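For reference, the structure discussed in these notes is given below.
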4 protein chains.
Amino acid sequence: MVSSQKRRIPVAVLGATGAVGQTFIRLLAGHPWLELVEVAASERSVGRRFGDVVHWLEGSIPRTAAELTVLPCTPEAVTAPVVFSALDASVAGEIEVGFACAGRTVLTNARNHRMDPDVPLVIPEVNPEHLALLEVQRAQRGWKGAIVANGNCSSIIVTLALAPLYQEFGIRRLFVTTMQAISGAGYPGVPSMDILGNVVPFIGGGEEEKIETETLEMLGRLEDSGVAPARFPVSAQVNRVPVEHGHTACIAVELERSASPEEAAQAISSWRSAVADAGLPSAPERAVVVAHAADRPQPRRDAGAGGGMTVSVGRIRCDPIVDLRMVACGHNTVRGAAGASLLNAELMISRGLIPA
Amino acid sequence: MVSSQKRRIPVAVLGATGAVGQTFIRLLAGHPWLELVEVAASERSVGRRFGDVVHWLEGSIPRTAAELTVLPCTPEAVTAPVVFSALDASVAGEIEVGFACAGRTVLTNARNHRMDPDVPLVIPEVNPEHLALLEVQRAQRGWKGAIVANGNCSSIIVTLALAPLYQEFGIRRLFVTTMQAISGAGYPGVPSMDILGNVVPFIGGGEEEKIETETLEMLGRLEDSGVAPARFPVSAQVNRVPVEHGHTACIAVELERSASPEEAAQAISSWRSAVADAGLPSAPERAVVVAHAADRPQPRRDAGAGGGMTVSVGRIRCDPIVDLRMVACGHNTVRGAAGASLLNAELMISRGLIPA
Amino acid sequence: MVSSQKRRIPVAVLGATGAVGQTFIRLLAGHPWLELVEVAASERSVGRRFGDVVHWLEGSIPRTAAELTVLPCTPEAVTAPVVFSALDASVAGEIEVGFACAGRTVLTNARNHRMDPDVPLVIPEVNPEHLALLEVQRAQRGWKGAIVANGNCSSIIVTLALAPLYQEFGIRRLFVTTMQAISGAGYPGVPSMDILGNVVPFIGGGEEEKIETETLEMLGRLEDSGVAPARFPVSAQVNRVPVEHGHTACIAVELERSASPEEAAQAISSWRSAVADAGLPSAPERAVVVAHAADRPQPRRDAGAGGGMTVSVGRIRCDPIVDLRMVACGHNTVRGAAGASLLNAELMISRGLIPA
Amino acid sequence: MVSSQKRRIPVAVLGATGAVGQTFIRLLAGHPWLELVEVAASERSVGRRFGDVVHWLEGSIPRTAAELTVLPCTPEAVTAPVVFSALDASVAGEIEVGFACAGRTVLTNARNHRMDPDVPLVIPEVNPEHLALLEVQRAQRGWKGAIVANGNCSSIIVTLALAPLYQEFGIRRLFVTTMQAISGAGYPGVPSMDILGNVVPFIGGGEEEKIETETLEMLGRLEDSGVAPARFPVSAQVNRVPVEHGHTACIAVELERSASPEEAAQAISSWRSAVADAGLPSAPERAVVVAHAADRPQPRRDAGAGGGMTVSVGRIRCDPIVDLRMVACGHNTVRGAAGASLLNAELMISRGLIPA
């Protein structure tokens, strides 16, 4: 154990005090390949013991993390070669570039660089080949380091649910209505006065646009000139609901090649992840599963599947207008945020893109 | 006051102990045209004081109702000429026919007779002319009484939200995803273990089919041969959410004649109810309003608009696939159930179809 | 109507954008004696249309209020002779003194002056005679105006529940454990991540101390030297629970003179408010009622009793250690805040302490 | 692993479809000493595949359990030597006696036999010596088997929180107000219409009496004539709150020998469980811990501590009337039900009372 720990790659979390930052720290506790050595946050917290400044949201704070001193979010202060960014979009853009410039590998959950043409927007099971963009990124930007992004929480869940269908049948049009958990808004995030016993049919920050663009990007094909996004129109409507964790998406999809609900379920169940054999520690046994009970998936009961890394798809049935309708559900702060970045790091390690 | 009370029409509520039955009783308290004189329920409660058998769900039980003795659901026991049915679908069908046979006017919230071709399925503001079916009903069935139905809670809310657009622009295709309140399932209804902090993407009893058929029926045109339903396909996905009252519907709609969000909002705001001048006591000032704030409508804040009888429509915006998307919200046990039946009764009175 | 409106006293609300400020505005809509003419708030909002700056929390904003321009919280800007203060404790103290100095009558919900020996802390039904302190206040402070306070939301509910027992049997010791609604924390107040599906056994701002001191003050006797607080020890433990409105208190009380649960219930039911005949518009028919069902009172079902001004007491039973235990429940932002100030204003008007 | 699995003791769960039954099955999955081989439930389910009849409440049903055929709750049908009873109190009494008669060891969560003088009511960390009652039980009843009970969920949590203080300082009087999770009522249990956004100050089945008696029993001393209960009066008030798992108790306690909050915290932190060295697989590292943050413990964040087997105590502070007040929180279906029975079984195995 001691020897294996020696080999773990030191990592830092930027924006460590927030909800996603905390999820990074929870998921890194006991990670076999990665070791949390530094936490960084805004000036207010710098220089203080992490355990003293963080309002810990879930369970108990890991002891070693609690003892860390909060660093400023600069490549001078933070020394780890691999950096997870849970920074707010208002500051993430420049800080992440600074770290990449300084030779660090930045795995970011922020939206700032997601749609940059030379930044891979990756779900390892779906489009690991997009990492090839890193060559373009380094060539164009002259960075020694790199920025690799994961999608918005809803985009990831929708993309994973649809990837098997897209690959097998093609998609012509997509309607998505989401019901999103409060943890997606961070902390303090959604005031309880707004959401207790309520539904709020609006989420700021361009949530609908993210789903409409990122999904296509992640399903896109790597070409010489970059990633050619998938080409089908997406209509997304988003809602906030009083659920702690787990985004649920009601999907209606028109396929290129028609499929029955049974064929769709079969395509999902037999879908083979692009990294099935890579042995990535955070990869769940199955990235997408079919929930067969008539009233599933449900966020409180299914978001935790596969340690929060499995997306559940259920209620696959014929639609009176398009081909199929169905419901997808996944854990927004794990599969949809911190776990997504972590898995991207593992993918890069397994491909030698991060030196061990 | 005494003289006006003398003229009030005596009414009974069947299924008075349930959630919808209780809503009837709340709404009838102090009603200017109608006077609750009898309550009826299942055998278990018969012969007992209503206040002693009902598990009252909201506020305090009206005193006069509490003192009533529960009657069996038969036209022999119940004498009122006008009967509101909040019966469960498992028994409503036959009981309602029995009352109609016996010359009573039955205003029903149950689904059993809704799609009968000779039973008017009415929203007074939208399709009051459907009441003409009563002639067919009486001729065909030989009843002295009548059955008039209101739609399912979600159908009513969706229909009211869309009626202005349907009448002005025509509808080609409709996608609806609902987030429905727990009160829609009655009492005891949804176990808290299922819904607290959760979303359940399933509602039994053919909820989705109801929306897909009843909406078309209520928007249908009265012809000589009966009602010709509106002709456009509807795709409905339904969810239960931890909200007490108020169903919310995310709508994507393709119009016959394109309209901008502004034109749609204008059509709704300037829409004239078919009974605007009838002076129906339960009719709200406006049956449909546009909620202009970016994050409205919301069930907890908007379901109570117009005493629960107004449907709020917001977030009207362009859709990447069809013409428009929007969010509608209304009170499911008031506008979507008991209030709907009550308004139908008022409509019938105003048209002389119920003798005062 | 015009003539009666002419006679209404013009009032202003300080801190109008907050949760309590909004409740003042809701309760003032259509008030027969008082007319809202001005709203004031923090600098950020000053000069803007109230309807544009307020995040309205409940139902729809009254139209006339929406059109008001937000004023700064100074007696120069605000001209109304009567001022309701929903200010935050961090600023309320000085601002309220300023208004009192300038000759205005300040009815405050803030905690700053509550325990000042010359500031009446009043519940009209319980201790209206404490208003006599105003003479001391004016004499000592040299104000032309006045400050009259209401208690903390929990204190008021507990005091009203216990006043009949205190007056009839005397109290020796009191244990209170509260379960308090989120609206008590204002807006944005409690983050949903903290309270959804959770209980937080802590409320900042000295909530427990307020209950332990204010209750005694309000039950205190007016003497020549001022108010002599009631003399019994109080132990209060407070919790935040995921309830929108309505504080619930589990009470165990040792009496001076023993009483059975039936005698206690009788004392409450037959208790005569000190202002029973004053015709105060916001006074409910009964300030305290006994809820007889075994599982009542409950905040969602009982907080709204008497328009939110009635406190419900139930589950009165013998206690194995002290005499009695029971549960009290009341509306925290109405009876426990804005409605309390409003009723105090009405009391002052009825006694000629505010010139009409 | 294979060899150790061979040695696992076969066990059955009676009442397997209910909420507590399911928790047994979850906790037994992968248990090192015990192997679930049979499930039994009411007639309705008998003969069917367990996975087909159970409405699984939390996560996914363990595969091997799902494949079991549901047996009737009789010692003829169920063959396992060790039986966990999650039966409803309406039937548990006789069935459990039947199993004990038939030579089985019954670990029961039902209340029926808890207060029988010859049935050990055990928390292993607190009163393992009470198991000596089994000799009396066998002698008096002539059973070859045995019944061992665990307390009511709230009693266990309160007892664990207080055991260190009772043992160190003695207790003179105890006031407890609980806020209990919905899972304590089983499934379907509490209707959502009753509890969403609400508090219900009542729990049926004598919940308050259980706390008032069982706590004393579990803190009692084993004497020749049986267990002499602890002798101090207990006042318990219980409430249902909209929390999924985790009961919270506000406690005010008068000690025999005064202690400061610091001394109390120290007594809890240094408390040594009676089975600290027994190596029981389900025993947490610490049975009681002190939560130091000002706003902890909280059910959603702390009930899961120690795999749901650790009780957290916080907000220990001076009380104006008795010595101390504090807040305790624990997982009601794990530590307070299924986990409690499981730990009792492990204790019996470790002491040779169940043959391996």
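Numbering starts fresh at 1 for the residues of each chain in the structure tokens, the chains themselves are lettered A, B, ... in the order given, and ligands are numbered from 1 as they appear.
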Which of stretch 4-248 of chain B end up as strand (DSSP E) when DSSP is run on this backbone - answer as number ranges by chain? B: 9-14, 34-40, 70-71, 82-85, 105-108, 146-149, 171-180, 221-223, 226-228, 234-240, 247-248
Give me the residues near stretch 275-291 of chain B as a PyMOL selection string, where near means some atom within 9 Å (using only C-alpha atoms) and where sequence neighbours in that chain fewer than 5 positions away do not count. chain B and resi 27+31-33+124-126+128+160-161+164+265-266+268-269+296-297+302+305-316+339-340+342-343+346-347+350
Rows by chain and residue number, chain A within 8 Å of chain C, shortest pair, only C-alpha atoms, as a tab-separated table:
```
residue	atom	partner	partner_atom	distance
A:Leu57	CA	C:Met193	CA	7.7
A:Ile182	CA	C:Met193	CA	6.8
A:Ser183	CA	C:Met193	CA	6.7
A:Tyr187	CA	C:Met193	CA	6.9
A:Pro188	CA	C:Pro191	CA	5.1
A:Gly189	CA	C:Pro191	CA	6.5
A:Val190	CA	C:Ser192	CA	5.7
A:Pro191	CA	C:Pro191	CA	4.6
A:Ser192	CA	C:Ser192	CA	4.0
A:Met193	CA	C:Ser183	CA	6.7
A:Asp194	CA	C:Leu57	CA	7.7
A:Ile195	CA	C:Ser192	CA	7.2
A:Leu196	CA	C:Leu196	CA	7.1
A:Pro242	CA	C:Leu196	CA	7.3
A:Val243	CA	C:Leu196	CA	7.8
A:Glu244	CA	C:Met193	CA	7.0
```
Of A:Leu324, A:Ala86, A:Ala65, A:Val227, the one nearest to A:Val136 when counting only C-alpha atoms is A:Val227
For stretch 39-56 of chain D, list every protein, DNA or RNA residue within 6 Å, evaluated using only C-alpha atoms, and leave out those in the same chain fewer than 5 positions away; present the list as a PDB file with C-alpha atoms, in the first residue's frame.
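Listed below is the output, part-v2.pdb:
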```pdb
ATOM      1  CA  ALA D  12     -33.651 -15.799   7.136  1.00  0.00           C
ATOM      2  CA  VAL D  13     -35.530 -12.505   7.157  1.00  0.00           C
ATOM      3  CA  LEU D  14     -39.183 -12.513   8.201  1.00  0.00           C
ATOM      4  CA  GLY D  15     -41.193  -9.617   6.850  1.00  0.00           C
ATOM      5  CA  ALA D  16     -38.667  -9.230   4.091  1.00  0.00           C
ATOM      6  CA  THR D  17     -40.701  -7.018   1.786  1.00  0.00           C
ATOM      7  CA  ALA D  66     -33.983 -11.124  -5.765  1.00  0.00           C
ATOM      8  CA  GLU D  67     -33.890 -14.746  -6.869  1.00  0.00           C
ATOM      9  CA  LEU D  68     -35.150 -16.191  -3.597  1.00  0.00           C
ATOM     10  CA  THR D  69     -38.682 -17.570  -3.438  1.00  0.00           C
ATOM     11  CA  VAL D  70     -40.785 -15.983  -0.746  1.00  0.00           C
ATOM     12  CA  LEU D  71     -41.654 -18.420   2.026  1.00  0.00           C
ATOM     13  CA  PRO D  72     -44.465 -18.273   4.550  1.00  0.00           C
ATOM     14  CA  CYS D  73     -43.476 -17.054   8.032  1.00  0.00           C
TER      15      CYS D  73
END
```
Given only C-alpha atoms as the basis, pick out the residue of D:Arg301, D:Ala236, D:Ser60, D:Leu353 nearest to D:Ile147.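 Of D:Arg301, D:Ala236, D:Ser60, D:Leu353, the one nearest D:Ile147 is D:Leu353, counting only C-alpha atoms.
Atom pair atom CA of B:Glu38 / atom CA of B:Val148 has a distance of 19.6 Å (rounded to one decimal).
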When DSSP is applied to the backbone of this structure, which of stretch 74-250 of chain C are assigned helix (DSSP H, G or I)? Write them out as number ranges by chain.
C: 89-101, 128-141, 153-169, 182-185, 192-195, 207-218
| said: Applying 7 Å and only C-alpha atoms, which residues near stretch 115-122 of chain D remain after dropping the ones on its own chain fewer than 4 positions away? List them as a PyMOL selection string. | reply: chain D and resi 127-128+130-131+133-134+136-137+147-151+218+226+344
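Omitting B:Leu162 and its sequence neighbours fewer than 5 positions away, and counting only C-alpha atoms, the residues within 10 Å are Ile156, Ile157, Gln167, Glu168, Gly170, Ile171, Leu174, Thr215, Leu219, Ile251, Val253, Ala264, Ile268, Val288, Val313 and Ala328 of chain B.
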Provide the atom CA of B:Glu135 to atom CA of B:Glu96 distance in Å, to one decimal place.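 Interatomic distance here is 17.7 Å.
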10 Å contact set for D:Gly205, only C-alpha atoms, chain neighbours under 4 positions out, as a list of chain:residue names: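 The residues that qualify are D:Ala89, D:Arg111, D:Glu209, D:Lys210.
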